[in-house]
file run.txt (compact mmCIF, C-alpha atoms and all ligand atoms)
# COMPACT_ATOMS: atom_id res chain seq x y z
CA MET W 1 41.92 -57.57 13.25
CA ALA W 2 40.33 -57.00 16.68
CA THR W 3 39.23 -60.18 18.44
CA ARG W 4 35.46 -59.92 18.70
CA ILE W 5 33.81 -61.91 21.48
CA VAL W 6 30.06 -61.95 22.00
CA VAL W 7 28.89 -62.48 25.58
CA PHE W 8 25.35 -63.27 26.68
CA ALA W 9 23.32 -64.86 29.45
CA GLY W 10 20.44 -67.30 29.26
CA SER W 11 18.28 -65.11 31.49
CA ILE W 12 16.66 -61.72 31.01
CA ARG W 13 15.50 -61.50 34.63
CA THR W 14 16.22 -58.20 36.36
CA GLY W 15 19.27 -58.78 38.55
CA ALA W 16 19.90 -62.21 37.02
CA PHE W 17 23.00 -63.90 38.43
CA SER W 18 23.88 -65.21 34.97
CA GLY W 19 23.56 -61.66 33.69
CA LYS W 20 25.98 -60.50 36.38
CA LEU W 21 28.47 -63.17 35.39
CA ALA W 22 28.09 -62.26 31.70
CA ALA W 23 28.61 -58.55 32.46
CA LEU W 24 31.72 -59.35 34.51
CA ALA W 25 33.06 -61.59 31.75
CA ALA W 26 32.56 -58.82 29.17
CA LYS W 27 34.50 -56.42 31.41
CA GLU W 28 37.32 -58.94 31.88
CA LEU W 29 37.47 -59.72 28.17
CA ALA W 30 37.76 -56.02 27.34
CA ALA W 31 40.54 -55.71 29.95
CA ALA W 32 42.27 -58.64 28.23
CA GLY W 33 42.26 -56.71 24.96
CA ALA W 34 39.28 -58.27 23.21
CA GLU W 35 36.38 -56.39 21.69
CA ALA W 36 33.62 -57.67 23.97
CA GLU W 37 30.00 -57.31 22.87
CA LEU W 38 27.55 -57.94 25.71
CA LEU W 39 24.13 -58.72 24.31
CA SER W 40 20.79 -59.48 25.92
CA LEU W 41 18.35 -62.07 24.67
CA ALA W 42 15.66 -59.49 25.55
CA ASP W 43 16.68 -57.77 22.32
CA TYR W 44 15.95 -60.95 20.36
CA PRO W 45 12.35 -61.83 21.29
CA LEU W 46 11.31 -65.16 19.83
CA PRO W 47 8.19 -67.30 20.06
CA ILE W 48 8.59 -70.85 21.34
CA TYR W 49 9.72 -72.86 18.33
CA ASN W 50 6.86 -74.39 16.39
CA GLY W 51 7.55 -76.14 13.08
CA ASP W 52 4.15 -75.14 11.71
CA GLU W 53 4.90 -71.45 12.26
CA GLU W 54 8.33 -71.84 10.74
CA ALA W 55 6.80 -73.52 7.68
CA ALA W 56 4.18 -70.78 7.34
CA ASP W 57 6.21 -67.66 8.19
CA GLY W 58 9.86 -68.70 8.07
CA VAL W 59 12.44 -67.95 10.74
CA PRO W 60 11.67 -64.74 12.70
CA ALA W 61 13.90 -61.73 12.06
CA PRO W 62 15.34 -61.66 15.64
CA ALA W 63 16.71 -65.19 15.14
CA LYS W 64 18.43 -64.09 11.93
CA ALA W 65 19.83 -61.02 13.68
CA LEU W 66 21.14 -63.11 16.58
CA ARG W 67 22.61 -65.61 14.15
CA ASP W 68 24.50 -62.83 12.37
CA ARG W 69 25.86 -61.43 15.67
CA LEU W 70 27.20 -64.88 16.61
CA ALA W 71 28.52 -65.72 13.16
CA GLY W 72 30.40 -62.42 13.08
CA ALA W 73 32.23 -63.17 16.32
CA HIS W 74 35.56 -64.94 16.80
CA GLY W 75 34.47 -66.20 20.20
CA VAL W 76 31.31 -66.53 22.30
CA PHE W 77 31.00 -66.70 26.07
CA VAL W 78 27.53 -67.89 27.10
CA VAL W 79 26.36 -68.09 30.70
CA THR W 80 23.55 -70.45 31.58
CA PRO W 81 21.34 -70.49 34.65
CA GLU W 82 20.04 -73.89 35.76
CA TYR W 83 16.40 -74.90 35.52
CA ASN W 84 15.62 -78.40 36.75
CA ALA W 85 19.15 -79.58 36.05
CA GLY W 86 19.06 -78.23 32.51
CA ILE W 87 19.24 -75.01 30.54
CA PRO W 88 16.29 -72.62 30.63
CA PRO W 89 13.81 -72.53 27.73
CA LEU W 90 14.85 -68.97 26.83
CA LEU W 91 18.35 -70.13 26.00
CA LYS W 92 17.41 -73.42 24.35
CA ASN W 93 14.75 -71.72 22.25
CA ALA W 94 17.17 -69.03 21.09
CA ILE W 95 19.76 -71.66 20.12
CA ASP W 96 17.12 -73.78 18.39
CA TRP W 97 15.82 -70.84 16.34
CA VAL W 98 19.34 -69.73 15.39
CA SER W 99 20.07 -73.28 14.24
CA ARG W 100 17.12 -73.03 11.82
CA VAL W 101 18.46 -70.00 9.92
CA LYS W 102 19.62 -70.95 6.44
CA GLY W 103 22.28 -69.00 4.55
CA GLY W 104 24.09 -65.90 5.68
CA GLU W 105 27.79 -65.23 6.14
CA GLY W 106 29.81 -67.62 8.30
CA ASP W 107 28.47 -70.13 10.79
CA PRO W 108 27.20 -69.08 14.24
CA PHE W 109 28.27 -72.33 15.89
CA LYS W 110 31.25 -73.63 13.92
CA GLY W 111 32.75 -70.20 13.24
CA PRO W 112 33.52 -68.79 16.69
CA VAL W 113 35.05 -70.77 19.54
CA TRP W 114 32.57 -71.11 22.42
CA ALA W 115 33.13 -71.10 26.16
CA ILE W 116 30.60 -71.74 28.89
CA GLY W 117 29.84 -70.09 32.19
CA CYS W 118 27.13 -71.16 34.61
CA SER W 119 25.66 -69.82 37.82
CA SER W 120 23.02 -70.68 40.37
CA PRO W 121 22.19 -69.97 43.99
CA GLY W 122 22.92 -73.63 44.76
CA ALA W 123 26.29 -75.12 45.63
CA MET W 124 26.79 -76.75 42.22
CA GLY W 125 26.66 -73.42 40.41
CA GLY W 126 24.55 -74.64 37.53
CA TYR W 127 27.04 -77.35 36.64
CA ARG W 128 24.31 -79.72 35.43
CA ALA W 129 22.94 -77.08 33.08
CA SER W 130 26.43 -76.53 31.71
CA ILE W 131 26.58 -80.19 30.68
CA MET W 132 23.34 -79.85 28.74
CA LEU W 133 24.55 -76.65 27.10
CA ARG W 134 27.82 -78.32 26.14
CA GLN W 135 25.88 -81.25 24.67
CA THR W 136 23.66 -78.97 22.61
CA LEU W 137 26.49 -76.81 21.33
CA ALA W 138 29.13 -79.48 20.72
CA LEU W 139 27.16 -82.63 19.91
CA GLY W 140 24.11 -80.95 18.45
CA LEU W 141 25.67 -78.11 16.53
CA GLY W 142 29.33 -79.00 16.02
CA ALA W 143 30.68 -76.05 18.00
CA LEU W 144 34.17 -76.15 19.41
CA VAL W 145 33.51 -75.60 23.13
CA LEU W 146 36.48 -75.06 25.44
CA GLY W 147 36.89 -77.77 28.06
CA ASP W 148 37.46 -75.18 30.78
CA GLN W 149 34.40 -73.41 32.09
CA ALA W 150 33.47 -70.98 34.85
CA SER W 151 30.94 -71.98 37.48
CA VAL W 152 29.56 -69.66 40.16
CA GLY W 153 27.71 -71.30 43.03
CA GLY W 154 25.98 -69.46 45.86
CA ALA W 155 25.38 -66.81 43.20
CA GLY W 156 23.13 -64.69 45.40
CA GLN W 157 26.11 -63.77 47.57
CA ALA W 158 28.91 -64.25 45.04
CA PHE W 159 29.14 -60.72 43.62
CA ASP W 160 30.15 -57.51 45.39
CA ASP W 161 28.60 -54.09 44.73
CA THR W 162 30.93 -53.47 41.79
CA GLY W 163 29.90 -56.72 40.10
CA ALA W 164 33.19 -58.47 40.88
CA LEU W 165 33.36 -61.99 42.29
CA LYS W 166 34.12 -61.99 46.01
CA ASP W 167 35.85 -65.36 45.99
CA GLU W 168 39.33 -65.06 44.50
CA ARG W 169 39.50 -68.73 43.51
CA THR W 170 36.26 -68.47 41.50
CA ALA W 171 37.46 -65.22 39.96
CA GLY W 172 40.68 -66.98 38.99
CA PHE W 173 38.76 -69.78 37.24
CA LEU W 174 36.81 -67.17 35.29
CA ARG W 175 39.96 -65.33 34.25
CA GLY W 176 41.52 -68.65 33.21
CA VAL W 177 38.63 -69.59 30.93
CA LEU W 178 38.44 -66.12 29.44
CA GLY W 179 42.18 -66.07 28.81
CA LYS W 180 41.90 -69.31 26.84
CA LEU W 181 38.89 -67.94 24.98
CA VAL W 182 40.77 -64.78 23.97
CA ALA W 183 43.74 -66.85 22.81
CA GLU W 184 41.64 -69.27 20.76
CA ALA W 185 39.38 -66.54 19.37
CA GLY W 186 42.49 -64.48 18.53
CA ARG W 187 43.69 -67.28 16.26
CA ARG W 188 40.42 -66.98 14.36
CA ALA W 189 40.77 -63.21 14.13
CA GLY W 190 44.14 -63.77 12.46
C1 LIG J 201 11.83 -73.55 36.82
C2 LIG J 201 13.03 -73.38 37.67
C3 LIG J 201 13.84 -74.45 37.93
C4 LIG J 201 15.00 -74.31 38.69
N1 LIG J 201 15.83 -75.37 38.87
C5 LIG J 201 17.03 -75.19 39.47
C6 LIG J 201 17.99 -76.24 39.50
O1 LIG J 201 17.80 -77.32 39.00
N2 LIG J 201 19.19 -76.00 40.10
C7 LIG J 201 19.49 -74.76 40.66
O2 LIG J 201 20.59 -74.60 41.16
N3 LIG J 201 18.59 -73.75 40.63
C8 LIG J 201 17.38 -73.93 40.05
N4 LIG J 201 16.48 -72.90 39.98
C9 LIG J 201 16.81 -71.62 40.63
C10 LIG J 201 17.58 -70.74 39.68
O3 LIG J 201 18.92 -71.12 39.69
C11 LIG J 201 17.42 -69.28 40.12
O4 LIG J 201 16.08 -68.88 39.96
C12 LIG J 201 18.36 -68.36 39.36
O5 LIG J 201 18.33 -67.08 39.97
C13 LIG J 201 17.97 -68.25 37.88
O6 LIG J 201 19.03 -67.69 37.14
P1 LIG J 201 19.20 -66.11 36.90
O7 LIG J 201 19.50 -65.48 38.23
O8 LIG J 201 20.35 -66.02 35.97
O9 LIG J 201 17.91 -65.58 36.31
C14 LIG J 201 15.32 -73.04 39.23
C15 LIG J 201 14.46 -71.94 38.98
C16 LIG J 201 13.36 -72.11 38.20
C17 LIG J 201 12.48 -70.90 37.91

call {"tool": "encode", "arguments": {"input": "run.txt", "output": "structure tokens", "more": "lines below"}}
Ligand SMILES: Cc1cc2nc3c(=O)[nH]c(=O)nc-3n(C[C@H](O)[C@H](O)[C@H](O)COP(=O)(O)O)c2cc1C
result
Amino acid sequence: MATRIVVFAGSIRTGAFSGKLAALAAKELAAAGAEAELLSLADYPLPIYNGDEEAADGVPAPAKALRDRLAGAHGVFVVTPEYNAGIPPLLKNAIDWVSRVKGGEGDPFKGPVWAIGCSSPGAMGGYRASIMLRQTLALGLGALVLGDQASVGGAGQAFDDTGALKDERTAGFLRGVLGKLVAEAGRRAG
């Protein structure tokens, strides 16, 4: 079976650096032989989580659709921007809503193997946000998250016109993480 890997960024901003890293990762994953599915959280619009609304109306359809996309994957590569040393509300809210979906085939967090990317204009490349994302996925939701991750600092200048990373060392880290993700996800694909 083809190894399906879902890729997405925690930003829907036009020209988002995390979106660039996600797009590059999807390209690299496809080159490595995986079936890469790049999705945008813009296609899964969700209100800020409110328990009263959930009790009254249930979980919104976009959260169920996102849950099914993730649960159907063998691997997930998620790229987080950094907001005040943490992950942005768009990403946290999407994860929180998905975690509230009951039933359905598979498990969006424990089914696929997860790997993390992060980016920011600063020198630390969103590293602090990656820690929070790892905590939420692994400690909060029981996901297997690869120890290796890809971090892109100075993100405003990091990509060339083709979307590739200019710095070969950073590009090598990304390829390394993605290679491990393909291998681990491939085991799940059977
Ligand atoms: C509310 C807010 C908080 C931010 N906090 C940080 C931060 O803690 N560290 C950092 O490196 N960049 C921070 N930034 C800058 C973002 O990294 C920058 O806006 C980045 O372009 C957002 O990611 P994106 O390009 O993927 O949309 C912050 C931006 C916003 C809007």

call {"tool": "residues_near_ligand", "arguments": {"input": "run.txt", "ligand": "ligand LIG 201 (chain J)", "cutoff": "9 Å", "atoms": "all atoms listed in the file", "output": "compact mmCIF listing (two decimals) with C-alpha atoms, in the coordinates of the input"}}
result
# COMPACT_ATOMS: atom_id res chain seq x y z
CA ALA W 9 23.32 -64.86 29.45
CA GLY W 10 20.44 -67.30 29.26
CA SER W 11 18.28 -65.11 31.49
CA ILE W 12 16.66 -61.72 31.01
CA ARG W 13 15.50 -61.50 34.63
CA THR W 14 16.22 -58.20 36.36
CA GLY W 15 19.27 -58.78 38.55
CA ALA W 16 19.90 -62.21 37.02
CA PHE W 17 23.00 -63.90 38.43
CA SER W 18 23.88 -65.21 34.97
CA GLY W 19 23.56 -61.66 33.69
CA LYS W 20 25.98 -60.50 36.38
CA LEU W 21 28.47 -63.17 35.39
CA VAL W 79 26.36 -68.09 30.70
CA THR W 80 23.55 -70.45 31.58
CA PRO W 81 21.34 -70.49 34.65
CA GLU W 82 20.04 -73.89 35.76
CA TYR W 83 16.40 -74.90 35.52
CA ASN W 84 15.62 -78.40 36.75
CA ALA W 85 19.15 -79.58 36.05
CA GLY W 86 19.06 -78.23 32.51
CA ILE W 87 19.24 -75.01 30.54
CA PRO W 88 16.29 -72.62 30.63
CA CYS W 118 27.13 -71.16 34.61
CA SER W 119 25.66 -69.82 37.82
CA SER W 120 23.02 -70.68 40.37
CA PRO W 121 22.19 -69.97 43.99
CA GLY W 122 22.92 -73.63 44.76
CA ALA W 123 26.29 -75.12 45.63
CA MET W 124 26.79 -76.75 42.22
CA GLY W 125 26.66 -73.42 40.41
CA GLY W 126 24.55 -74.64 37.53
CA TYR W 127 27.04 -77.35 36.64
CA ARG W 128 24.31 -79.72 35.43
CA ALA W 129 22.94 -77.08 33.08
CA GLY W 153 27.71 -71.30 43.03
CA GLY W 154 25.98 -69.46 45.86
CA ALA W 155 25.38 -66.81 43.20
CA GLY W 156 23.13 -64.69 45.40

call {"tool": "axis_aligned_box", "arguments": {"input": "run.txt", "around": "range 81-97 of chain W", "padding_each_side": "6 Å", "output": "JSON"}}
result
{"center_x": 17.6, "center_y": -74.3, "center_z": 26.5, "size_x": 19.5, "size_y": 22.6, "size_z": 32.4}

call {"tool": "residues_near_point", "arguments": {"input": "run.txt", "point": "(34.8, -65.6, 46.6)", "cutoff": "12 Å", "atoms": "all atoms listed in the file", "output": "list in words"}}
result
Ser151, Val152, Gly153, Gly154, Ala155, Gly156, Gln157, Ala158, Phe159, Asp160, Ala164, Leu165, Lys166, Asp167, Glu168, Arg169, Thr170, Ala171, Gly172, Phe173 and Leu174 of chain W

call {"tool": "residues_around", "arguments": {"input": "run.txt", "residues": "range 39-50 of chain W", "least_positions_apart": "5", "cutoff": "7 Å", "atoms": "all atoms listed in the file", "output": "list in words"}}
result
Val7, Phe8, Ala9, Ile12, Pro62, Ala63, Leu66, Asn93 and Trp97 of chain W

call {"tool": "closest_residue", "arguments": {"input": "run.txt", "among": "W:Ile131, W:Val59, W:Val113, W:Ala71", "to": "Asp96 in chain W", "atoms": "all atoms listed in the file"}}
result
W:Val59

call {"tool": "atom_distance", "arguments": {"input": "run.txt", "atom1": "CA of Arg187 in chain W", "atom2": "CA of Lys92 in chain W"}}
result
28.2 Å

call {"tool": "atom_distance", "arguments": {"input": "run.txt", "atom1": "CA of Lys110 in chain W", "atom2": "CA of Pro60 in chain W"}}
result
21.5 Å

call {"tool": "closest_residue", "arguments": {"input": "run.txt", "among": "W:Ile95, W:Met132, W:Ala115, W:Ala23", "to": "Ala185 in chain W", "atoms": "all atoms listed in the file"}}
result
W:Ala115

call {"tool": "atom_distance", "arguments": {"input": "run.txt", "atom1": "CA of Ala189 in chain W", "atom2": "CA of Thr136 in chain W"}}
result
24.8 Å

call {"tool": "closest_residue", "arguments": {"input": "run.txt", "among": "W:Leu70, W:Ala150, W:Ile116, W:Met1", "to": "Arg134 in chain W", "atoms": "all atoms listed in the file"}}
result
W:Ile116

call {"tool": "residues_around", "arguments": {"input": "run.txt", "residues": "Glu105 in chain W", "least_positions_apart": "2", "cutoff": "8 Å", "atoms": "all atoms listed in the file", "output": "count of residues only"}}
result
5

call {"tool": "closest_residue", "arguments": {"input": "run.txt", "among": "W:Ala138, W:Ala55, W:Val182, W:Leu133", "to": "Ala36 in chain W", "atoms": "all atoms listed in the file"}}
result
W:Val182

call {"tool": "closest_residue", "arguments": {"input": "run.txt", "among": "W:Val101, W:Leu38, W:Ala65, W:Val145", "to": "Ala22 in chain W", "atoms": "only C-alpha atoms"}}
result
W:Leu38

call {"tool": "build_atoms", "arguments": {"input": "run.txt", "residues": "range 79-101 of chain W", "atoms": "N, CA and C atoms", "output": "CSV table (one decimal), in the frame of the given file"}}
result
chain,number,residue,atom,x,y,z
W,79,VAL,N,26.6,-67.7,29.3
W,79,VAL,CA,26.4,-68.1,30.7
W,79,VAL,C,25.0,-68.6,30.9
W,80,THR,N,24.9,-69.9,31.4
W,80,THR,CA,23.6,-70.4,31.6
W,80,THR,C,23.2,-70.5,33.1
W,81,PRO,N,21.9,-70.1,33.3
W,81,PRO,CA,21.3,-70.5,34.6
W,81,PRO,C,21.0,-72.0,34.6
W,82,GLU,N,20.5,-72.5,35.7
W,82,GLU,CA,20.0,-73.9,35.8
W,82,GLU,C,18.6,-74.0,36.1
W,83,TYR,N,17.8,-74.6,35.2
W,83,TYR,CA,16.4,-74.9,35.5
W,83,TYR,C,16.2,-76.4,35.5
W,84,ASN,N,15.9,-77.0,36.7
W,84,ASN,CA,15.6,-78.4,36.8
W,84,ASN,C,16.7,-79.2,36.1
W,85,ALA,N,17.9,-78.9,36.5
W,85,ALA,CA,19.2,-79.6,36.0
W,85,ALA,C,19.4,-79.4,34.6
W,86,GLY,N,18.8,-78.5,33.9
W,86,GLY,CA,19.1,-78.2,32.5
W,86,GLY,C,19.1,-76.7,32.2
W,87,ILE,N,19.2,-76.4,30.9
W,87,ILE,CA,19.2,-75.0,30.5
W,87,ILE,C,17.8,-74.5,30.4
W,88,PRO,N,17.6,-73.2,30.7
W,88,PRO,CA,16.3,-72.6,30.6
W,88,PRO,C,15.7,-72.5,29.2
W,89,PRO,N,14.4,-72.6,29.1
W,89,PRO,CA,13.8,-72.5,27.7
W,89,PRO,C,14.2,-71.3,26.9
W,90,LEU,N,14.4,-70.2,27.6
W,90,LEU,CA,14.8,-69.0,26.8
W,90,LEU,C,16.1,-69.2,26.0
W,91,LEU,N,17.1,-69.9,26.7
W,91,LEU,CA,18.4,-70.1,26.0
W,91,LEU,C,18.2,-71.2,25.0
W,92,LYS,N,17.5,-72.3,25.3
W,92,LYS,CA,17.4,-73.4,24.4
W,92,LYS,C,16.6,-73.0,23.1
W,93,ASN,N,15.6,-72.2,23.4
W,93,ASN,CA,14.8,-71.7,22.2
W,93,ASN,C,15.5,-70.8,21.3
W,94,ALA,N,16.4,-69.9,21.9
W,94,ALA,CA,17.2,-69.0,21.1
W,94,ALA,C,18.2,-69.8,20.2
W,95,ILE,N,18.8,-70.8,20.9
W,95,ILE,CA,19.8,-71.7,20.1
W,95,ILE,C,19.0,-72.4,19.0
W,96,ASP,N,17.9,-73.0,19.4
W,96,ASP,CA,17.1,-73.8,18.4
W,96,ASP,C,16.7,-72.9,17.2
W,97,TRP,N,16.2,-71.7,17.5
W,97,TRP,CA,15.8,-70.8,16.3
W,97,TRP,C,17.0,-70.5,15.5
W,98,VAL,N,18.1,-70.1,16.2
W,98,VAL,CA,19.3,-69.7,15.4
W,98,VAL,C,19.8,-70.9,14.5
W,99,SER,N,19.6,-72.1,15.0
W,99,SER,CA,20.1,-73.3,14.2
W,99,SER,C,19.2,-73.5,13.0
W,100,ARG,N,18.0,-72.8,13.0
W,100,ARG,CA,17.1,-73.0,11.8
W,100,ARG,C,17.3,-72.0,10.7
W,101,VAL,N,18.2,-71.0,10.9
W,101,VAL,CA,18.5,-70.0,9.9
W,101,VAL,C,19.3,-70.6,8.8
